[in-house]
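Text of the file target_27.cif, holding mmCIF, C-alpha atoms:
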```cif
data_start
loop_
_atom_site.label_atom_id
_atom_site.label_comp_id
_atom_site.auth_asym_id
_atom_site.auth_seq_id
_atom_site.Cartn_x
_atom_site.Cartn_y
_atom_site.Cartn_z
CA MET A 270 147.54 60.02 70.19
CA LYS A 271 147.86 63.71 71.09
CA ASN A 272 144.92 64.49 68.77
CA LEU A 273 142.81 61.83 70.45
CA ILE A 274 143.57 63.23 73.92
CA ALA A 275 142.78 66.75 72.67
CA VAL A 276 139.42 65.57 71.22
CA PHE A 277 138.45 63.77 74.45
CA SER A 278 139.48 66.79 76.53
CA LEU A 279 137.34 69.05 74.35
CA LEU A 280 134.35 66.67 74.56
CA PHE A 281 134.70 66.42 78.34
CA ALA A 282 134.83 70.22 78.65
CA MET A 283 131.71 70.61 76.47
CA VAL A 284 129.75 67.99 78.44
CA SER A 285 130.75 69.66 81.73
CA LEU A 286 129.66 73.06 80.39
CA VAL A 287 126.28 71.72 79.23
CA GLN A 288 125.67 70.01 82.58
CA ALA A 289 126.53 73.22 84.45
CA GLN A 290 124.06 75.17 82.31
CA ASP A 291 121.29 72.61 82.98
CA LYS A 292 121.42 73.18 86.75
CA LYS A 293 118.80 75.69 87.78
CA PRO A 294 119.39 77.60 91.01
CA ALA A 295 117.34 76.39 93.99
CA SER A 296 115.89 79.89 94.36
CA PRO A 297 115.94 81.58 90.93
CA LYS A 298 116.04 85.37 90.67
CA VAL A 299 112.67 86.68 89.46
CA THR A 300 111.85 90.15 88.07
CA VAL A 301 108.20 91.19 87.88
CA GLU A 302 106.52 94.49 86.97
CA SER A 303 103.08 95.95 87.50
CA PRO A 304 100.97 96.22 84.33
CA ASP A 305 101.51 100.01 84.25
CA LYS A 306 105.31 99.49 84.72
CA ASN A 307 105.36 101.79 87.79
CA ILE A 308 106.43 99.02 90.22
CA LYS A 309 109.26 96.52 89.65
CA VAL A 310 110.22 93.79 92.12
CA VAL A 311 113.39 91.67 91.96
CA TYR A 312 113.60 88.73 94.36
CA GLY A 313 115.01 85.26 94.92
CA GLN A 314 112.11 82.78 94.69
CA PRO A 315 112.41 79.94 97.22
CA SER A 316 110.14 76.87 97.20
CA LYS A 317 108.27 75.29 100.10
CA LYS A 318 109.66 71.76 99.42
CA GLY A 319 107.49 70.22 102.14
CA ARG A 320 108.77 72.60 104.82
CA VAL A 321 106.70 74.57 107.32
CA ILE A 322 107.40 78.17 106.26
CA PHE A 323 105.92 80.42 108.98
CA GLY A 324 105.60 79.68 112.68
CA PRO A 325 106.38 80.76 116.23
CA ASP A 326 109.85 80.99 117.75
CA GLY A 327 110.97 77.55 118.86
CA SER A 328 109.06 75.79 116.05
CA SER A 329 110.72 74.07 113.11
CA SER A 330 109.40 76.73 110.70
CA LEU A 331 111.75 78.36 108.22
CA GLU A 332 110.65 81.92 109.13
CA LYS A 333 109.66 82.88 112.67
CA TYR A 334 106.82 85.20 113.62
CA GLY A 335 108.12 88.55 114.87
CA LYS A 336 111.54 88.23 113.17
CA VAL A 337 112.73 90.34 110.23
CA TRP A 338 112.78 88.39 106.95
CA ARG A 339 114.42 89.38 103.66
CA THR A 340 111.18 88.29 101.93
CA GLY A 341 112.84 86.01 99.43
CA ALA A 342 116.08 84.09 99.10
CA ASN A 343 119.71 85.17 98.73
CA GLU A 344 120.01 88.94 98.18
CA ALA A 345 117.28 90.95 99.88
CA THR A 346 114.29 91.74 97.66
CA GLU A 347 114.34 95.12 95.90
CA VAL A 348 111.30 97.19 94.92
CA THR A 349 111.53 100.07 92.44
CA PHE A 350 108.86 102.77 92.08
CA LYS A 351 109.10 104.89 88.91
CA THR A 352 106.94 107.63 90.47
CA ASP A 353 106.28 108.82 94.01
CA VAL A 354 103.72 106.55 95.71
CA MET A 355 101.62 106.15 98.82
CA PHE A 356 102.82 102.80 100.18
CA GLY A 357 100.18 101.59 102.61
CA GLY A 358 99.34 105.22 103.32
CA LYS A 359 103.00 106.33 103.70
CA MET A 360 104.58 108.72 101.18
CA VAL A 361 107.54 107.09 99.38
CA LYS A 362 109.67 108.89 96.76
CA ALA A 363 110.40 107.29 93.40
CA GLY A 364 113.46 105.05 93.66
CA THR A 365 114.68 101.57 94.60
CA TYR A 366 114.28 100.14 98.09
CA THR A 367 115.05 96.92 99.93
CA LEU A 368 111.89 95.09 101.03
CA PHE A 369 111.79 93.37 104.41
CA THR A 370 108.84 91.88 106.26
CA ILE A 371 108.12 90.81 109.80
CA PRO A 372 105.62 87.94 109.45
CA GLY A 373 102.99 87.42 112.12
CA GLU A 374 100.11 85.02 112.57
CA LYS A 375 97.42 87.66 111.91
CA GLU A 376 99.35 90.63 110.45
CA TRP A 377 102.70 91.41 108.89
CA SER A 378 104.85 94.51 109.02
CA VAL A 379 106.15 95.40 105.56
CA LEU A 380 109.24 97.63 105.50
CA LEU A 381 111.00 99.60 102.78
CA ASN A 382 114.62 100.48 103.45
CA SER A 383 116.88 102.78 101.42
CA THR A 384 120.07 100.70 101.97
CA LEU A 385 120.54 98.51 98.90
CA GLY A 386 122.80 95.50 98.31
CA GLN A 387 121.86 93.53 101.43
CA TRP A 388 122.37 89.78 101.65
CA GLY A 389 119.44 88.43 103.61
CA ALA A 390 118.30 90.31 106.70
CA TYR A 391 121.42 89.58 108.75
CA GLU A 392 122.51 93.23 108.92
CA TYR A 393 119.00 94.68 109.31
CA ASP A 394 119.60 95.95 112.87
CA LYS A 395 122.53 98.04 111.55
CA ILE A 396 120.45 99.62 108.73
CA LYS A 397 116.98 99.92 110.27
CA GLY A 398 117.57 103.66 110.68
CA SER A 399 117.29 103.80 106.85
CA ASP A 400 113.67 102.56 106.85
CA VAL A 401 111.51 104.89 104.76
CA ALA A 402 108.17 103.17 105.44
CA MET A 403 106.68 100.49 107.67
CA VAL A 404 103.08 99.41 107.26
CA LYS A 405 101.05 96.71 108.97
CA VAL A 406 98.81 94.59 106.76
CA PRO A 407 96.41 91.75 107.62
CA VAL A 408 97.12 88.14 106.68
CA SER A 409 94.79 86.19 104.39
CA MET A 410 94.99 82.43 104.72
CA ASN A 411 95.32 80.52 101.43
CA LYS A 412 92.96 77.59 100.83
CA THR A 413 95.82 75.57 99.36
CA PRO A 414 99.53 76.13 100.11
CA ILE A 415 101.52 78.09 97.53
CA GLU A 416 104.71 76.18 96.63
CA LYS A 417 106.88 79.11 95.48
CA LEU A 418 107.14 82.52 97.08
CA THR A 419 105.24 84.83 94.75
CA ILE A 420 105.46 88.63 94.88
CA THR A 421 102.95 90.27 92.56
CA PRO A 422 103.01 94.01 91.88
CA ALA A 423 99.69 95.26 90.54
CA ASN A 424 98.90 98.83 89.53
CA ASN A 425 97.63 99.57 93.04
CA SER A 426 99.19 96.95 95.35
CA ILE A 427 102.03 94.55 96.04
CA ALA A 428 100.94 91.05 97.13
CA ILE A 429 103.27 88.57 98.85
CA ALA A 430 102.10 84.94 98.92
CA TRP A 431 103.78 81.76 100.14
CA ASP A 432 102.70 78.58 101.83
CA ASN A 433 99.42 79.28 103.62
CA MET A 434 99.67 83.10 103.86
CA THR A 435 99.11 86.11 101.60
CA VAL A 436 99.50 89.80 102.45
CA SER A 437 98.85 92.80 100.25
CA VAL A 438 100.08 96.39 100.60
CA PRO A 439 98.06 99.12 98.87
CA VAL A 440 100.20 101.29 96.56
CA MET A 441 98.80 104.45 94.96
CA LYS A 442 100.59 106.84 92.62
CA HIS A 443 101.10 110.18 94.34
CA GLY A 444 100.73 113.48 92.59
#
```
For the file at hand, write its structure as structure tokens.
Amino acid sequence: MKNLIAVFSLLFAMVSLVQAQDKKPASPKVTVESPDKNIKVVYGQPSKKGRVIFGPDGSSSLEKYGKVWRTGANEATEVTFKTDVMFGGKMVKAGTYTLFTIPGEKEWSVLLNSTLGQWGAYEYDKIKGSDVAMVKVPVSMNKTPIEKLTITPANNSIAIAWDNMTVSVPVMKHG
């Protein structure tokens, strides 16, 4: 009888472990690099799931125009540059930075901050003195909504696309 209980306990534990491994996080952590490996971005990738993503204050949108956003889910997005770069025309030293954005209807502000390890943008007001660059970029409207937030580092830009909006920041190697 003890052996039978031990076998069932072991089977139950194995089934529980397999089920736990099958569950994918709602917003998986994604790591992407530019083709030349100079830019790496690590972010939580949320999905639209039928929601309105961007809109004015007072709307039911997930992210409000004019408010700082972590530009992803969970931990704030981090961008690493292996060499010094011109980020939207601003000189940025090689290193890792937290990426925040302030979405707008026609343009976004894209910010790099030297304080790492942020959860969301909740503490942004306390760390905004650590901003190393802020650039304004125009919004392009997508013909069809993009289901998952997608951040794409290219050799000379970083594009951020989700729902009906895409923005792109020019990035050039410096020196």
In file coordinates, which residues lie within 12 Å of (106.2, 113.5, 95.2) using all atoms listed in the file, given as a PDB file with C-alpha atoms, keeping the file's coordinate frame?
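Output (selection23.pdb):
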```pdb
ATOM      1  CA  PHE A 350     108.860 102.770  92.080  1.00  0.00           C
ATOM      2  CA  LYS A 351     109.100 104.890  88.910  1.00  0.00           C
ATOM      3  CA  THR A 352     106.940 107.630  90.470  1.00  0.00           C
ATOM      4  CA  ASP A 353     106.280 108.820  94.010  1.00  0.00           C
ATOM      5  CA  VAL A 354     103.720 106.550  95.710  1.00  0.00           C
ATOM      6  CA  MET A 355     101.620 106.150  98.820  1.00  0.00           C
ATOM      7  CA  LYS A 359     103.000 106.330 103.700  1.00  0.00           C
ATOM      8  CA  MET A 360     104.580 108.720 101.180  1.00  0.00           C
ATOM      9  CA  VAL A 361     107.540 107.090  99.380  1.00  0.00           C
ATOM     10  CA  LYS A 362     109.670 108.890  96.760  1.00  0.00           C
ATOM     11  CA  ALA A 363     110.400 107.290  93.400  1.00  0.00           C
ATOM     12  CA  GLY A 364     113.460 105.050  93.660  1.00  0.00           C
ATOM     13  CA  MET A 441      98.800 104.450  94.960  1.00  0.00           C
ATOM     14  CA  LYS A 442     100.590 106.840  92.620  1.00  0.00           C
ATOM     15  CA  HIS A 443     101.100 110.180  94.340  1.00  0.00           C
ATOM     16  CA  GLY A 444     100.730 113.480  92.590  1.00  0.00           C
TER      17      GLY A 444
END
```
From CA of Phe369 (chain A) to CA of Trp388 (chain A) the spacing works out at 11.5 Å
Specify as a PyMOL selection string each residue included when the PyMOL selection byres ((chain A and resi 376) around 9) is applied to this file.
chain A and resi 371-375+377-378+405-409+436
Closest to Leu418 (chain A) among A:Asn307, A:Thr370, A:Ser296, A:Asn382, using only C-alpha atoms?
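Of all the options, A:Ser296 lies closest to Leu418 (chain A).
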Go through A:Val311, A:Ala342, A:Leu381, A:Met434 one by one, measure the shortest atom-to-atom distance of each to Pro294 (chain A) using all atoms listed in the file, and give the residue with the smallest value.
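Answer, going by the shortest atom-to-atom distance: A:Ala342.
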For Pro414 (chain A), list every protein, DNA or RNA residue within 7 Å, evaluated using all atoms listed in the file, and leave out those in the same chain fewer than 2 positions away; present the list as a VMD selection string.
chain A and resid 411 to 412 416 432 to 433
Which protein, DNA or RNA residues have an atom at most 7 Å from (98.9, 100.3, 101.0), counting all atoms listed in the file? List them as a list in words.
Met355, Phe356, Gly357, Gly358, Ser426, Val438, Pro439 and Val440 of chain A
Could you pull the residues within 8 Å of Ile429 (chain A), counting all atoms listed in the file, minus those fewer than 3 positions along the same chain, as a PDB file with C-alpha atoms, keeping the file's coordinate frame?
```
ATOM      1  CA  LEU A 418     107.140  82.520  97.080  1.00  0.00           C
ATOM      2  CA  THR A 419     105.240  84.830  94.750  1.00  0.00           C
ATOM      3  CA  ILE A 420     105.460  88.630  94.880  1.00  0.00           C
ATOM      4  CA  THR A 421     102.950  90.270  92.560  1.00  0.00           C
ATOM      5  CA  THR A 435      99.110  86.110 101.600  1.00  0.00           C
ATOM      6  CA  VAL A 436      99.500  89.800 102.450  1.00  0.00           C
ATOM      7  CA  SER A 437      98.850  92.800 100.250  1.00  0.00           C
TER       8      SER A 437
END
```
Expand the PyMOL selection byres ((chain A and resi 366) around 9) into the explicit residue set it covers here, and present it as a PyMOL selection string.
chain A and resi 346-350+364-365+367-368+381-385+401
Atom pair CA of Ile322 (chain A) / CA of Glu392 (chain A): separation (Å):
21.5 Å
CA of Glu302 (chain A) to CA of Tyr334 (chain A), straight-line distance in Å
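Atom-to-atom, CA of Tyr334 (chain A) and CA of Glu302 (chain A) are spaced 28.2 Å apart.
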Just checking: using all atoms listed in the file, which residue out of A:Leu380, A:Val337, A:Ala430, A:Ala423 ends up closest to Lys309 (chain A)?
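Comparing A:Leu380, A:Val337, A:Ala430, A:Ala423 against Lys309 (chain A), the winner is A:Ala423.
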